[in-house]
Amino acid sequence: MASVPLKKNYRCVPSLQPFYSGGAFAVSSDGSFIACASDESINIVDASNSSVRSTLEGDSEAVTALTLSPDDKFLFSSGHSRLIRVWDLSTFKCVRSWKGHDGPVMGMACHPSGGYLATAGADKKVIVWDVAGSFATHHFKGHQGVVSSLLFHPDPTKQILFSASHDTTVNVWDLDTKKRVATLTEHNSTVTSMALSEDGRTLLTAGRDKVVILWNLDDYNCLKTVTTYEALEAVCVIPSGTLLSSRFGSSKQRNGKKSKSPAICFITVGDRGIVRIWNSEGAVCLFEQKSSDVTITSDDDESKRGFTAALLLPSDQGLLCVTADQEFLLYSPVESPEGTFEFVLSKRLVGNNGEILDMKFLGDEEQFIAVATNTEQVRVFDVASMSCSHVLAGHTEIVMCLDTCVSSSGRTLIVTGSKDNSVRLWESESRCCLGVGIGHMGSVGAIAFSKKQRDFFVSGSSDHTLKVWSLDGISDNVEKPINLKAKAVVAAHDKDINSVAVAPNDSLVCSGSQDRTACVWRLPDLVPVVVLKGHKRGVWSVEFSPVDQCILTTSGDKTIKIWAISDGSCLKSFEGHMSSVYRASFLTRGTQFISSDADGLVKLWMVKTNECIATYDQHEDKVWALTVGKKTEMVATGSGDAAINLWYDCTASDKEEAFRREEEGVLKSQELENAVKDADYTKAIQIAFKLRRPHKLYECFHELFRKRGDEKQIEKALHDFGNEELAVLFEYVREWNTKPKFCHVAQFVFFNILNIYSPTEIIKVKGIQNLLEALTPYSQRHYSRVDRHVRNTLLLDFILHSMAVVEPDTGARELNEESLIPSDVNHENETRSMEEDRKQKQASEGLKEKAASRKRKSKKSKDGSKKKAKASSLE
């Protein structure tokens, strides 16, 4: 068998990031993009594939209100900070901002002309602003509760503004007279949505009191009340000329009777999570979805309920609904040949997956990935586009774990375990549930398919039991889920079971538990084989090696261990994680493995050397889910930060890139040597700088410093440097300036930089303050040393002159003075100087004679003393 090349590096592709945290959003007029609030930032999301075009960073407060200008050129936003911002979507920059409310801004609406912006706040006020001048034109007070919804009349000739509040009222404001025209008070609960009829004469209001009320705008009287038996969150009027209007015509067309007021068709969505179409004539429901595509929680849970908003897109693009799970569902109206009408879910944009608990690749080609989040649904994503393909709904509690396989018949199967104490078997293609297994007394936290026969799966639960479920009886055509049967059950551990794994030959199963042990059982009867003891905390993950008789385990004690199945001994222990290790999976035929931990780190290990060869930090929270593709060995990770990252093996590409860089470096080096040899220091400096070779760069600058005549070359070389290049050059100068040997060149380069660039350009360099602070003390030290040397040379000159060893070099000065004195004065000065020289010569000769006579006398005295000493010694 050919050896598989080892993996040395993985490249992360952030495939699915959360872009919507709930609350405010705004859709463009053509439906091409959506502006979504994501905590304190705003994401501009492409509606076709949910990719984030740009992120607008605001302040540290959450964004609560968004709206777009009619031409989609500007975005208005505000939040708890009370700061109203105007964003230019061509540059994605804030062009204006101001404050006006005393509390958070809860709603916004832009006038059809685009010149006015209305804001509603928690301070019970409604303020209209001039967008160009950023000043308030109208202040409206009158509501007794938080104002949450605003609507301008679309007719430019009617300067009317509608405001809805939590005080169950709707106020009508006249912008011309700056007064309240009417107060609509028929609702008994919060008014959540408003809409105008196509002729602009009827106002529709929907609230959580489960009714839609139609108001006549001529006299502001209630025309009709439509009871929907559902807490409503949005109402949309169906415009004429669309597929919906042609399908659901007016009652006049159907009954042939003429009504007093034109019938209005409208859509409502609410906490039931279904779309319904109504006709105002007779208050009848014309269409109702058969089932909901939204996660509906139990009645005692009020935190998540159905739809939160809806909007009809233009040009028959469909109905865009927003769920409490931060999803955007796009429904397209479809009429079948039989004449039946349906809203088909054509697109699902997942704004936030929440905490990702588990994930697995789907199918042989691994084109899809199944994800278990903290919801009751299993979401299936397309790996190429990372758009949500479909969801599997059936569990009544959060899905904790899942596994996938391709059956012997070629069907792609998914098995899931949930907090509702049940397991479910799904078929991915048909998106239907094939079977339900009930029997666990606690939440199912671990599940695994058989690897060889693929005719059973094993589940582990918080009730400490391990169950083996048979797939016998699963047919191709299942109209109703069958009851799955357990073939074997065993009380496996003393605490919750976190993970299970089936051996490649389906003979063994291993379970890891919070009781700090991992147990190996023989299938199909779950006979105990060996207990793996050694971890000091709970075991989070177990996996069989694909080639050896060993098991890989991870634990909350921050270690990873490999165990021998034969005797349960620990073969290897890997340390390097600084927190609990949640997942680990083998790579490269068992010679490597990859692991994830609670710090959001992913590590790549070598089994043979116990070495961690790479560490990746791409998550901001615990990495609960990690899966490896069997075919491509592509890695997918999911964490508590709601992000899904795909990791591709880039070992070969990195090797090619390194070879290319090395080859390019050799060519550049040769080009650099040629430039230095040709004394083309401008080109040499630029090449050395690109290659980041500071020593060669210093040599080039040193040659220019030594010549002192090629300042144009250095000016030409440094003239095109940007801020980043200048920052790097300043770092080199800073290093050279610390050494007396290189300081002269450093000061030379620094001097030329100051001459070439103005101070305004230099201060734009990143980190220039720290660089200059580092240059200053060493420069002062160098200049102090130079001054000290100069003073020492003056003292040396004084000493040498005093010793008459060195005559002062005054010839040049006297020559210059003589050229300025007349000839007769010069002759007199020459005569005087000759006489002085003669006198000095005579004086020096006299001194020499005196010194010679003194020397003779001293010699005679020494000879006499010697004779006396000799005579005394003879005696």
# chains A, B, ... in the order shown; residues from 1 in each chain; ligands from 1
>>> residues_around(residues="region 200-217 of chain A", least_positions_apart="3", cutoff="10 Å", atoms="only C-alpha atoms", output="PyMOL selection string")
chain A and resi 153-155+158+162+164+166+168+170+172+182+184+186-197+220-237+261-262+264+266+268-271+280+283
>>> residues_around(residues="Lys572 (chain A)", least_positions_apart="2", cutoff="7 Å", atoms="only C-alpha atoms", output="MDAnalysis selection string")
chainID A and resid 561:562 570 574
>>> write_last_selection(atoms="all heavy atoms", output="short mmCIF file (atom, residue, chain, number, x, y, z; two decimals), in the first residue's frame")
data_model
loop_
_atom_site.label_atom_id
_atom_site.label_comp_id
_atom_site.auth_asym_id
_atom_site.auth_seq_id
_atom_site.Cartn_x
_atom_site.Cartn_y
_atom_site.Cartn_z
N LYS A 561 -5.19 10.63 24.91
CA LYS A 561 -4.48 9.37 25.14
C LYS A 561 -4.85 8.36 24.06
O LYS A 561 -5.96 8.38 23.52
CB LYS A 561 -4.83 8.79 26.52
CG LYS A 561 -4.34 9.64 27.68
CD LYS A 561 -4.70 9.01 29.01
CE LYS A 561 -4.27 9.90 30.18
NZ LYS A 561 -2.81 9.98 30.33
N ILE A 562 -3.87 7.49 23.78
CA ILE A 562 -4.08 6.35 22.88
C ILE A 562 -3.91 5.08 23.71
O ILE A 562 -2.91 4.91 24.41
CB ILE A 562 -3.10 6.38 21.70
CG1 ILE A 562 -3.38 7.60 20.81
CG2 ILE A 562 -3.20 5.11 20.88
CD1 ILE A 562 -2.47 7.71 19.61
N CYS A 570 -2.25 2.34 28.46
CA CYS A 570 -2.08 3.62 27.78
C CYS A 570 -0.78 3.59 26.99
O CYS A 570 0.31 3.46 27.57
CB CYS A 570 -2.08 4.76 28.78
SG CYS A 570 -1.89 6.39 28.02
N PHE A 574 -0.75 12.69 25.07
CA PHE A 574 -0.41 13.93 24.38
C PHE A 574 -0.86 15.11 25.25
O PHE A 574 -2.02 15.19 25.63
CB PHE A 574 -1.11 14.00 23.02
CG PHE A 574 -0.75 12.86 22.10
CD1 PHE A 574 -1.42 11.64 22.19
CD2 PHE A 574 0.25 13.00 21.16
CE1 PHE A 574 -1.10 10.60 21.35
CE2 PHE A 574 0.58 11.96 20.31
CZ PHE A 574 -0.10 10.75 20.40
#
>>> residues_around(residues="Thr615 (chain A)", least_positions_apart="5", cutoff="8 Å", atoms="only C-alpha atoms", output="list in words")
Leu601, Val602, Lys603 and Leu604 of chain A
>>> atom_distance(atom1="CA of Phe449 (chain A)", atom2="CA of Ala636 (chain A)")
19.1 Å
>>> select_by_dssp(residues="region 527-716 of chain A", states="strand (DSSP E)", output="JSON, numbers by chain")
{"A": [527, 528, 529, 530, 531, 532, 533, 539, 540, 541, 542, 543, 544, 550, 551, 552, 553, 554, 555, 559, 560, 561, 562, 563, 564, 570, 571, 572, 573, 574, 575, 581, 582, 583, 584, 585, 586, 587, 592, 593, 594, 595, 596, 597, 601, 602, 603, 604, 605, 606, 611, 612, 613, 614, 615, 616, 617, 625, 626, 627, 628, 635, 636, 637, 638, 644, 645, 646, 647, 648, 649]}
>>> decode(residues="region 483-496 of chain A", atoms="N, CA, C and O atoms", output="tab-separated table (two decimals), in the first residue's frame")
chain	number	residue	atom	x	y	z
A	483	ASN	N	-41.34	2.21	14.47
A	483	ASN	CA	-40.71	2.16	15.78
A	483	ASN	C	-39.46	1.30	15.71
A	483	ASN	O	-39.53	0.11	15.38
A	484	LEU	N	-38.32	1.92	16.00
A	484	LEU	CA	-37.07	1.19	15.98
A	484	LEU	C	-36.96	0.34	17.24
A	484	LEU	O	-37.41	0.73	18.32
A	485	LYS	N	-36.31	-0.83	17.11
A	485	LYS	CA	-36.18	-1.76	18.22
A	485	LYS	C	-34.72	-1.86	18.65
A	485	LYS	O	-33.81	-1.88	17.82
A	486	ALA	N	-34.53	-1.95	19.95
A	486	ALA	CA	-33.19	-2.09	20.52
A	486	ALA	C	-32.84	-3.56	20.62
A	486	ALA	O	-33.59	-4.36	21.19
A	487	LYS	N	-31.68	-3.94	20.04
A	487	LYS	CA	-31.23	-5.33	20.08
A	487	LYS	C	-30.53	-5.68	21.39
A	487	LYS	O	-30.56	-6.82	21.82
A	488	ALA	N	-29.86	-4.68	21.99
A	488	ALA	CA	-29.13	-4.94	23.22
A	488	ALA	C	-29.07	-3.67	24.04
A	488	ALA	O	-29.03	-2.56	23.49
A	489	VAL	N	-29.06	-3.84	25.36
A	489	VAL	CA	-29.00	-2.72	26.29
A	489	VAL	C	-28.07	-3.10	27.42
A	489	VAL	O	-28.08	-4.26	27.88
A	490	VAL	N	-27.26	-2.14	27.88
A	490	VAL	CA	-26.38	-2.39	29.00
A	490	VAL	C	-26.21	-1.10	29.80
A	490	VAL	O	-26.18	0.00	29.23
A	491	ALA	N	-26.13	-1.25	31.11
A	491	ALA	CA	-25.80	-0.12	31.98
A	491	ALA	C	-24.29	0.04	31.95
A	491	ALA	O	-23.55	-0.69	32.64
A	492	ALA	N	-23.83	0.98	31.14
A	492	ALA	CA	-22.42	1.02	30.79
A	492	ALA	C	-21.56	1.81	31.76
A	492	ALA	O	-20.41	1.44	32.01
A	493	HIS	N	-22.08	2.89	32.31
A	493	HIS	CA	-21.25	3.79	33.11
A	493	HIS	C	-22.02	4.26	34.34
A	493	HIS	O	-23.23	4.03	34.48
A	494	ASP	N	-21.28	4.96	35.20
A	494	ASP	CA	-21.88	5.52	36.41
A	494	ASP	C	-22.36	6.95	36.21
A	494	ASP	O	-23.05	7.49	37.08
A	495	LYS	N	-21.96	7.56	35.09
A	495	LYS	CA	-22.38	8.94	34.80
A	495	LYS	C	-22.76	9.05	33.33
A	495	LYS	O	-22.78	8.06	32.60
A	496	ASP	N	-23.06	10.28	32.90
A	496	ASP	CA	-23.52	10.52	31.53
A	496	ASP	C	-22.51	10.00	30.51
A	496	ASP	O	-21.29	10.13	30.69
